[in-house]
Amino acid sequence: PFVGVSYTLATRQASAQRAVNLYLQSMETPSKASHIMRAVPGLSSFCSLGAVIRGCIEANGRAFFVAGSTLYEVSSSGAATSRGTLNTSTGQVGMAWGTTQLVITDGADGYVLTLAGNAFGQIVDPDWSGSHRVEYLDGFFSFQSPGTQQFSVSAIDDASDLDALDFASAESAPDNLVAHIVSNQRLFLMGETTTEVWFNAGGEDFPFSRSNGETIDVGCVAKWSVVKADAGLLWIGRDANGSGMVYRASGGPPQRISTVAVEEALQGSTGLSEAVAYVYQDHGQTFYCVNAPGLASTWVYELSTNAWHERCDIDGVGQFIAHRATHCVFAYGMHLVGDADGNVYRMNSAVNTFAGDPRVCERTSPNDALPLRNRKVHTEFVADVLTGEALTGDPQVELSWSNDGGATFGSPVMRSAGSLGNRYQRLVWRRLGIARDRVWKMRFSADAPFSIISGESA
């Protein structure tokens, strides 16, 4: 149980368990364990763009970031070159690229960077009606008019050429559009409570048509939470009965993937409609990462294990706060992430800090209680963790425990995880007292690799 389930349950009465900066990984050839908990990748500094990162994209082998009001191209060495200036400096931006153009939208305005020659300009066509997101399908750039049911498309491979007649409406339900995204050659138009699926039918007057029978009774509450992953979509949804569930759709009706705990966290956000998500793939696993205003952690869903965990930085007083990464792009063979301070980092499993700041890994166990809450004697706790991998020093693993179901914890007791090469280190804590409802907490913050294979009490 210390490893097998990595998401937090809703209430302390049910379970106090938690996984911070540790994710569940399946073992393809299990011997000691079918799963382990592995530390999330660290971060190394890549470059600084000096203003809040609003969006990023890889286009034709090149990496682009919008930071503040500036569109930057960032090279593989971290050199940043300004490619244009937007009229706004805050808020998320939509980005998409076609055969010759990179297009950026910020709600009120749209911009085009010609990839050959780097000419940059605002979309000034009189038929421009604004759009938060932009998508590309079959040569057409698509836009959605804010606060309406309408979406429009550009001329073939030219986002600056618009026609007032090249629009349609998602009218199967009366809700306005919140987001749109292309997946598997289909255009998903996400309203407040419903979603329509359109495809390129090659129409003479308008190229796209609605796919009959594919209207979905789930909409979207946060336009920047919608991402593509593993040939499907993930997003924070809403229907006629409420909002705040996370959904996954892959070739069929959307499935709820959030737990009660994740939903309680998201619904406690101070601005759920402004939640931002990104996705990345590493070591054969795909991660959907959600940052929502007001939350003290970044919630992350791993698609192959269907397990959630939290990612956190540490503030000045040692408290968990949301992870600094808010956007991610895979470029030059690297995962590059940006933060609200304008920093770009390389996400790297070989790095064990967050750009020099501690990466604190913490696993809180399910409640160790007998069915009738009878007193239980705890003679020892044995942990099987990755040992002997620290490049310097003697990293310590902290174990603390709670006798009131996870409400309060005592002072931690340290055990060595083994200096370099000491891979047979055994971590044992003994004479641990008596409790009716014991919860264990393991914590590791050294600059060293870390994984938990098991943790057992007796």
# chains A, B, ... in the order shown; residues from 1 in each chain; ligands from 1
$ residues_around --residues "Gly388 of chain A" --least-positions-apart "4" --cutoff "10 Å" --atoms "only C-alpha atoms" --output "list of chain:residue names"
A:Asp394, A:Pro395, A:Ser416, A:Ala417, A:Gly418, A:Ser419, A:Leu420, A:Gly421, A:Asn422, A:Arg423, A:Tyr424, A:Gln425, A:Ala448, A:Pro449
$ closest_atom_pairs --of "segment 14-120 of chain A" --to "segment 294-308 of chain A" --cutoff "8 Å" --atoms "only C-alpha atoms" --output "Markdown table"
| residue | atom | partner | partner_atom | distance |
| --- | --- | --- | --- | --- |
| A:Tyr23 | CA | A:Trp308 | CA | 7.7 |
| A:Leu24 | CA | A:Ala307 | CA | 6.9 |
| A:Gln25 | CA | A:Thr305 | CA | 7.3 |
| A:Ser26 | CA | A:Thr305 | CA | 7.2 |
$ closest_atom_pairs --of "segment 187-269 of chain A" --to "segment 310-330 of chain A" --cutoff "12 Å" --atoms "only C-alpha atoms" --output "CSV"
residue,atom,partner,partner_atom,distance
A:Trp224,CA,A:His327,CA,10.6
A:Ser225,CA,A:Thr326,CA,11.2
A:Val227,CA,A:Cys328,CA,11.6
A:Ala261,CA,A:Glu310,CA,11.5
A:Val262,CA,A:Glu310,CA,9.9
A:Ala265,CA,A:Glu310,CA,11.1
$ write_last_selection --atoms "N, CA, C and O atoms" --output "CSV table (one decimal), in the first residue's frame"
chain,number,residue,atom,x,y,z
A,224,TRP,N,-7.7,26.5,-21.5
A,224,TRP,CA,-6.3,26.2,-21.6
A,224,TRP,C,-6.0,24.9,-20.9
A,224,TRP,O,-4.8,24.5,-20.9
A,225,SER,N,-7.0,24.1,-20.5
A,225,SER,CA,-6.7,22.8,-19.9
A,225,SER,C,-6.8,21.7,-21.0
A,225,SER,O,-6.5,20.6,-20.7
A,227,VAL,N,-5.8,19.5,-24.0
A,227,VAL,CA,-4.5,19.1,-24.6
A,227,VAL,C,-4.7,17.7,-25.3
A,227,VAL,O,-5.7,17.0,-25.0
A,261,ALA,N,-10.6,13.5,-4.7
A,261,ALA,CA,-9.6,14.4,-4.1
A,261,ALA,C,-9.2,15.4,-5.1
A,261,ALA,O,-9.1,16.6,-4.8
A,262,VAL,N,-8.9,15.0,-6.4
A,262,VAL,CA,-8.5,15.9,-7.4
A,262,VAL,C,-9.6,16.9,-7.7
A,262,VAL,O,-9.4,18.1,-7.8
A,265,ALA,N,-9.9,19.5,-5.0
A,265,ALA,CA,-8.8,20.5,-5.1
A,265,ALA,C,-9.1,21.5,-6.2
A,265,ALA,O,-9.0,22.7,-6.0
$ closest_residue --among "A:Gly455, A:Gly203, A:Gly191, A:Gly98" --to "Asp157 of chain A" --atoms "only C-alpha atoms"
A:Gly98
$ residues_around --residues "Pro146 of chain A" --least-positions-apart "2" --cutoff "7 Å" --atoms "only C-alpha atoms" --output "MDAnalysis selection string"
chainID A and resid 130:131 144 148
$ write_last_selection --atoms "N, CA and C atoms" --output "mmCIF file, in the first residue's frame"
data_model
loop_
_atom_site.group_PDB
_atom_site.id
_atom_site.type_symbol
_atom_site.label_atom_id
_atom_site.label_comp_id
_atom_site.auth_asym_id
_atom_site.auth_seq_id
_atom_site.Cartn_x
_atom_site.Cartn_y
_atom_site.Cartn_z
ATOM 1 N N GLY A 130 -11.366 37.989 -33.649
ATOM 2 C CA GLY A 130 -10.756 37.607 -32.381
ATOM 3 C C GLY A 130 -10.795 36.108 -32.157
ATOM 4 N N SER A 131 -9.874 35.628 -31.326
ATOM 5 C CA SER A 131 -9.845 34.207 -30.960
ATOM 6 C C SER A 131 -8.813 34.000 -29.866
ATOM 7 N N GLN A 144 -12.008 30.759 -33.103
ATOM 8 C CA GLN A 144 -13.333 30.812 -32.499
ATOM 9 C C GLN A 144 -13.585 32.229 -32.000
ATOM 10 N N THR A 148 -19.222 33.554 -28.387
ATOM 11 C CA THR A 148 -20.224 33.167 -29.378
ATOM 12 C C THR A 148 -20.162 31.667 -29.613
#
$ closest_atom_pairs --of "segment 327-385 of chain A" --to "segment 64-78 of chain A" --cutoff "12 Å" --atoms "only C-alpha atoms" --output "tab-separated table"
residue	atom	partner	partner_atom	distance
A:His327	CA	A:Phe65	CA	9.5
A:Cys328	CA	A:Phe65	CA	9.9
A:Val329	CA	A:Phe64	CA	8.9
A:Phe330	CA	A:Phe64	CA	10.8
A:Ala331	CA	A:Ser76	CA	8.0
A:Tyr332	CA	A:Ser76	CA	6.0
A:Gly333	CA	A:Ser76	CA	9.1
A:Met334	CA	A:Ser76	CA	8.9
A:His335	CA	A:Ser76	CA	11.3
A:Leu336	CA	A:Gly78	CA	10.1
A:Val337	CA	A:Phe65	CA	10.0
A:Gly338	CA	A:Phe65	CA	8.5
A:Asp339	CA	A:Ala67	CA	9.6
A:Ala340	CA	A:Ala67	CA	9.0
A:Asp341	CA	A:Ala67	CA	9.3
A:Gly342	CA	A:Ala67	CA	6.4
A:Asn343	CA	A:Ala67	CA	9.3
A:Val344	CA	A:Gly78	CA	8.7
A:Tyr345	CA	A:Gly78	CA	9.5
A:Arg346	CA	A:Gly78	CA	9.9
$ residues_around --residues "Val397 of chain A" --least-positions-apart "5" --cutoff "8 Å" --atoms "only C-alpha atoms" --output "PyMOL selection string"
chain A and resi 414-417+442-444
$ atom_distance --atom1 "atom CA of Phe199 of chain A" --atom2 "atom CA of Ser211 of chain A"
6.7 Å
$ closest_residue --among "A:Ala292, A:Met37, A:Ala168, A:Cys47" --to "Phe2 of chain A" --atoms "only C-alpha atoms"
A:Met37
$ residues_around --residues "segment 241-255 of chain A" --least-positions-apart "2" --cutoff "7 Å" --atoms "only C-alpha atoms" --output "ChimeraX atom specification"
/A:221,231-239,257-258,263,266-267
$ write_last_selection --atoms "C-alpha atoms" --output "PDB file, in the first residue's frame"
ATOM      1  CA  VAL A 221     -14.663  24.879 -18.063  1.00  0.00           C
ATOM      2  CA  ALA A 231      -4.168   9.897 -29.646  1.00  0.00           C
ATOM      3  CA  GLY A 232      -6.868  11.401 -27.451  1.00  0.00           C
ATOM      4  CA  LEU A 233      -7.878  14.492 -25.506  1.00  0.00           C
ATOM      5  CA  LEU A 234      -7.754  15.500 -21.853  1.00  0.00           C
ATOM      6  CA  TRP A 235      -9.462  18.509 -20.290  1.00  0.00           C
ATOM      7  CA  ILE A 236     -11.248  19.910 -17.253  1.00  0.00           C
ATOM      8  CA  GLY A 237     -14.888  19.467 -18.061  1.00  0.00           C
ATOM      9  CA  ARG A 238     -18.286  20.779 -17.263  1.00  0.00           C
ATOM     10  CA  ASP A 239     -21.793  19.545 -17.931  1.00  0.00           C
ATOM     11  CA  ILE A 257     -10.258  10.215 -14.845  1.00  0.00           C
ATOM     12  CA  SER A 258     -10.138  12.561 -11.852  1.00  0.00           C
ATOM     13  CA  GLU A 263     -11.994  17.319  -7.986  1.00  0.00           C
ATOM     14  CA  LEU A 266      -9.799  21.850  -8.527  1.00  0.00           C
ATOM     15  CA  GLN A 267     -13.125  23.097  -7.260  1.00  0.00           C
TER      16      GLN A 267
END
$ atom_distance --atom1 "atom CA of Asn352 of chain A" --atom2 "atom CA of Pro293 of chain A"
26.7 Å
$ residues_around --residues "Phe188 of chain A" --least-positions-apart "4" --cutoff "9 Å" --atoms "only C-alpha atoms" --output "PyMOL selection string"
chain A and resi 179-183+195-199
$ write_last_selection --atoms "N, CA and C atoms" --output "tab-separated table (two decimals), in the first residue's frame"
chain	number	residue	atom	x	y	z
A	179	ALA	N	-13.49	26.40	-26.16
A	179	ALA	CA	-12.21	26.00	-26.73
A	179	ALA	C	-12.47	25.16	-27.98
A	180	HIS	N	-11.45	25.04	-28.81
A	180	HIS	CA	-11.50	24.10	-29.91
A	180	HIS	C	-10.11	23.52	-30.09
A	181	ILE	N	-10.07	22.27	-30.60
A	181	ILE	CA	-8.79	21.57	-30.74
A	181	ILE	C	-8.94	20.51	-31.82
A	182	VAL	N	-7.84	20.25	-32.54
A	182	VAL	CA	-7.81	19.22	-33.57
A	182	VAL	C	-7.20	17.95	-33.00
A	183	SER	N	-7.86	16.82	-33.23
A	183	SER	CA	-7.35	15.53	-32.81
A	183	SER	C	-7.81	14.49	-33.80
A	195	THR	N	-19.99	19.32	-26.47
A	195	THR	CA	-18.90	19.33	-27.44
A	195	THR	C	-19.42	18.75	-28.75
A	196	GLU	N	-19.11	19.44	-29.85
A	196	GLU	CA	-19.43	18.95	-31.18
A	196	GLU	C	-18.16	18.53	-31.90
A	197	VAL	N	-18.28	17.53	-32.79
A	197	VAL	CA	-17.15	17.05	-33.58
A	197	VAL	C	-17.42	17.37	-35.04
A	198	TRP	N	-16.46	18.05	-35.67
A	198	TRP	CA	-16.56	18.42	-37.08
A	198	TRP	C	-15.40	17.80	-37.84
A	199	PHE	N	-15.59	17.67	-39.16
A	199	PHE	CA	-14.54	17.11	-40.01
A	199	PHE	C	-14.53	17.84	-41.34
$ atom_distance --atom1 "atom CA of Gly107 of chain A" --atom2 "atom CA of Leu86 of chain A"
11.4 Å
$ select_by_dssp --residues "segment 357-440 of chain A" --states "strand (DSSP E or B)" --output "ChimeraX atom specification"
/A:357-358,361-364,368,376-377,380-385,396-402,413-416,427-430,434-435,438-440
$ closest_residue --among "A:Gly219, A:Gly121, A:Pro41, A:Pro366" --to "Thr105 of chain A" --atoms "only C-alpha atoms"
A:Gly121
$ closest_residue --among "A:Ala446, A:Arg359, A:Val178, A:Asn184" --to "Ser273 of chain A" --atoms "only C-alpha atoms"
A:Val178
$ decode --residues "segment 84-99 of chain A" --atoms "all heavy atoms" --output "mmCIF file, in the first residue's frame"
data_model
loop_
_atom_site.group_PDB
_atom_site.id
_atom_site.type_symbol
_atom_site.label_atom_id
_atom_site.label_comp_id
_atom_site.auth_asym_id
_atom_site.auth_seq_id
_atom_site.Cartn_x
_atom_site.Cartn_y
_atom_site.Cartn_z
ATOM 1 N N GLY A 84 9.071 39.205 -32.892
ATOM 2 C CA GLY A 84 7.920 40.076 -33.054
ATOM 3 C C GLY A 84 7.351 40.509 -31.726
ATOM 4 O O GLY A 84 7.720 39.974 -30.665
ATOM 5 N N THR A 85 6.445 41.481 -31.783
ATOM 6 C CA THR A 85 5.848 42.046 -30.567
ATOM 7 C C THR A 85 4.338 41.980 -30.651
ATOM 8 O O THR A 85 3.736 42.363 -31.674
ATOM 9 C CB THR A 85 6.287 43.507 -30.375
ATOM 10 O OG1 THR A 85 7.717 43.566 -30.321
ATOM 11 C CG2 THR A 85 5.715 44.080 -29.091
ATOM 12 N N LEU A 86 3.713 41.502 -29.563
ATOM 13 C CA LEU A 86 2.264 41.438 -29.464
ATOM 14 C C LEU A 86 1.734 42.714 -28.827
ATOM 15 O O LEU A 86 2.482 43.466 -28.193
ATOM 16 C CB LEU A 86 1.836 40.232 -28.631
ATOM 17 C CG LEU A 86 1.884 38.840 -29.269
ATOM 18 C CD1 LEU A 86 3.289 38.422 -29.677
ATOM 19 C CD2 LEU A 86 1.275 37.802 -28.334
ATOM 20 N N ASN A 87 0.437 42.922 -28.936
ATOM 21 C CA ASN A 87 -0.194 44.104 -28.332
ATOM 22 C C ASN A 87 -0.503 43.893 -26.857
ATOM 23 O O ASN A 87 -0.836 44.856 -26.161
ATOM 24 C CB ASN A 87 -1.485 44.449 -29.076
ATOM 25 C CG ASN A 87 -1.222 44.861 -30.516
ATOM 26 O OD1 ASN A 87 -0.180 45.427 -30.833
ATOM 27 N ND2 ASN A 87 -2.172 44.556 -31.396
ATOM 28 N N THR A 88 -0.419 42.659 -26.388
ATOM 29 C CA THR A 88 -0.712 42.347 -24.987
ATOM 30 C C THR A 88 0.532 41.750 -24.352
ATOM 31 O O THR A 88 1.436 41.258 -25.039
ATOM 32 C CB THR A 88 -1.870 41.350 -24.871
ATOM 33 O OG1 THR A 88 -1.530 40.153 -25.601
ATOM 34 C CG2 THR A 88 -3.152 41.932 -25.441
ATOM 35 N N SER A 89 0.566 41.766 -23.023
ATOM 36 C CA SER A 89 1.721 41.213 -22.313
ATOM 37 C C SER A 89 1.335 40.211 -21.232
ATOM 38 O O SER A 89 2.216 39.654 -20.574
ATOM 39 C CB SER A 89 2.528 42.345 -21.676
ATOM 40 O OG SER A 89 1.734 43.090 -20.771
ATOM 41 N N THR A 90 0.044 39.965 -21.027
ATOM 42 C CA THR A 90 -0.402 38.999 -20.027
ATOM 43 C C THR A 90 -1.480 38.108 -20.634
ATOM 44 O O THR A 90 -2.064 38.429 -21.678
ATOM 45 C CB THR A 90 -0.983 39.700 -18.783
ATOM 46 O OG1 THR A 90 -2.098 40.526 -19.177
ATOM 47 C CG2 THR A 90 0.070 40.567 -18.109
ATOM 48 N N GLY A 91 -1.762 37.013 -19.955
ATOM 49 C CA GLY A 91 -2.761 36.071 -20.435
ATOM 50 C C GLY A 91 -2.144 35.035 -21.353
ATOM 51 O O GLY A 91 -1.118 35.273 -22.001
ATOM 52 N N GLN A 92 -2.769 33.865 -21.410
ATOM 53 C CA GLN A 92 -2.267 32.793 -22.252
ATOM 54 C C GLN A 92 -2.465 33.133 -23.731
ATOM 55 O O GLN A 92 -3.329 33.938 -24.087
ATOM 56 C CB GLN A 92 -2.985 31.481 -21.927
ATOM 57 C CG GLN A 92 -2.999 31.116 -20.460
ATOM 58 C CD GLN A 92 -1.614 31.036 -19.859
ATOM 59 O OE1 GLN A 92 -0.698 30.456 -20.442
ATOM 60 N NE2 GLN A 92 -1.433 31.624 -18.687
ATOM 61 N N VAL A 93 -1.666 32.497 -24.582
ATOM 62 C CA VAL A 93 -1.812 32.677 -26.027
ATOM 63 C C VAL A 93 -2.012 31.328 -26.692
ATOM 64 O O VAL A 93 -1.538 30.295 -26.194
ATOM 65 C CB VAL A 93 -0.582 33.382 -26.647
ATOM 66 C CG1 VAL A 93 -0.431 34.789 -26.091
ATOM 67 C CG2 VAL A 93 0.688 32.570 -26.443
ATOM 68 N N GLY A 94 -2.730 31.346 -27.802
ATOM 69 C CA GLY A 94 -2.840 30.168 -28.645
ATOM 70 C C GLY A 94 -1.749 30.197 -29.696
ATOM 71 O O GLY A 94 -1.367 31.268 -30.179
ATOM 72 N N MET A 95 -1.235 29.016 -30.059
ATOM 73 C CA MET A 95 -0.179 28.923 -31.054
ATOM 74 C C MET A 95 -0.401 27.687 -31.920
ATOM 75 O O MET A 95 -0.736 26.612 -31.415
ATOM 76 C CB MET A 95 1.200 28.853 -30.392
ATOM 77 C CG MET A 95 1.494 30.006 -29.442
ATOM 78 S SD MET A 95 3.129 29.907 -28.622
ATOM 79 C CE MET A 95 4.196 30.481 -29.945
ATOM 80 N N ALA A 96 -0.238 27.847 -33.234
ATOM 81 C CA ALA A 96 -0.338 26.731 -34.172
ATOM 82 C C ALA A 96 0.507 27.065 -35.385
ATOM 83 O O ALA A 96 0.722 28.233 -35.706
ATOM 84 C CB ALA A 96 -1.791 26.474 -34.573
ATOM 85 N N TRP A 97 0.965 26.038 -36.087
ATOM 86 C CA TRP A 97 1.760 26.292 -37.278
ATOM 87 C C TRP A 97 1.320 25.396 -38.420
ATOM 88 O O TRP A 97 0.816 24.289 -38.221
ATOM 89 C CB TRP A 97 3.258 26.115 -37.007
ATOM 90 C CG TRP A 97 3.722 24.699 -36.749
ATOM 91 C CD1 TRP A 97 3.507 23.955 -35.624
ATOM 92 C CD2 TRP A 97 4.475 23.879 -37.643
ATOM 93 N NE1 TRP A 97 4.099 22.722 -35.754
ATOM 94 C CE2 TRP A 97 4.702 22.643 -36.974
ATOM 95 C CE3 TRP A 97 4.997 24.049 -38.920
ATOM 96 C CZ2 TRP A 97 5.421 21.596 -37.560
ATOM 97 C CZ3 TRP A 97 5.718 23.013 -39.505
ATOM 98 C CH2 TRP A 97 5.920 21.801 -38.824
ATOM 99 N N GLY A 98 1.482 25.948 -39.627
ATOM 100 C CA GLY A 98 1.176 25.214 -40.838
ATOM 101 C C GLY A 98 2.420 25.072 -41.688
ATOM 102 O O GLY A 98 3.542 25.119 -41.196
ATOM 103 N N THR A 99 2.227 24.922 -42.974
ATOM 104 C CA THR A 99 3.366 24.661 -43.841
ATOM 105 C C THR A 99 4.303 25.858 -43.957
ATOM 106 O O THR A 99 5.517 25.692 -44.132
ATOM 107 C CB THR A 99 2.885 24.271 -45.246
ATOM 108 O OG1 THR A 99 2.022 25.299 -45.748
ATOM 109 C CG2 THR A 99 2.133 22.949 -45.209
#
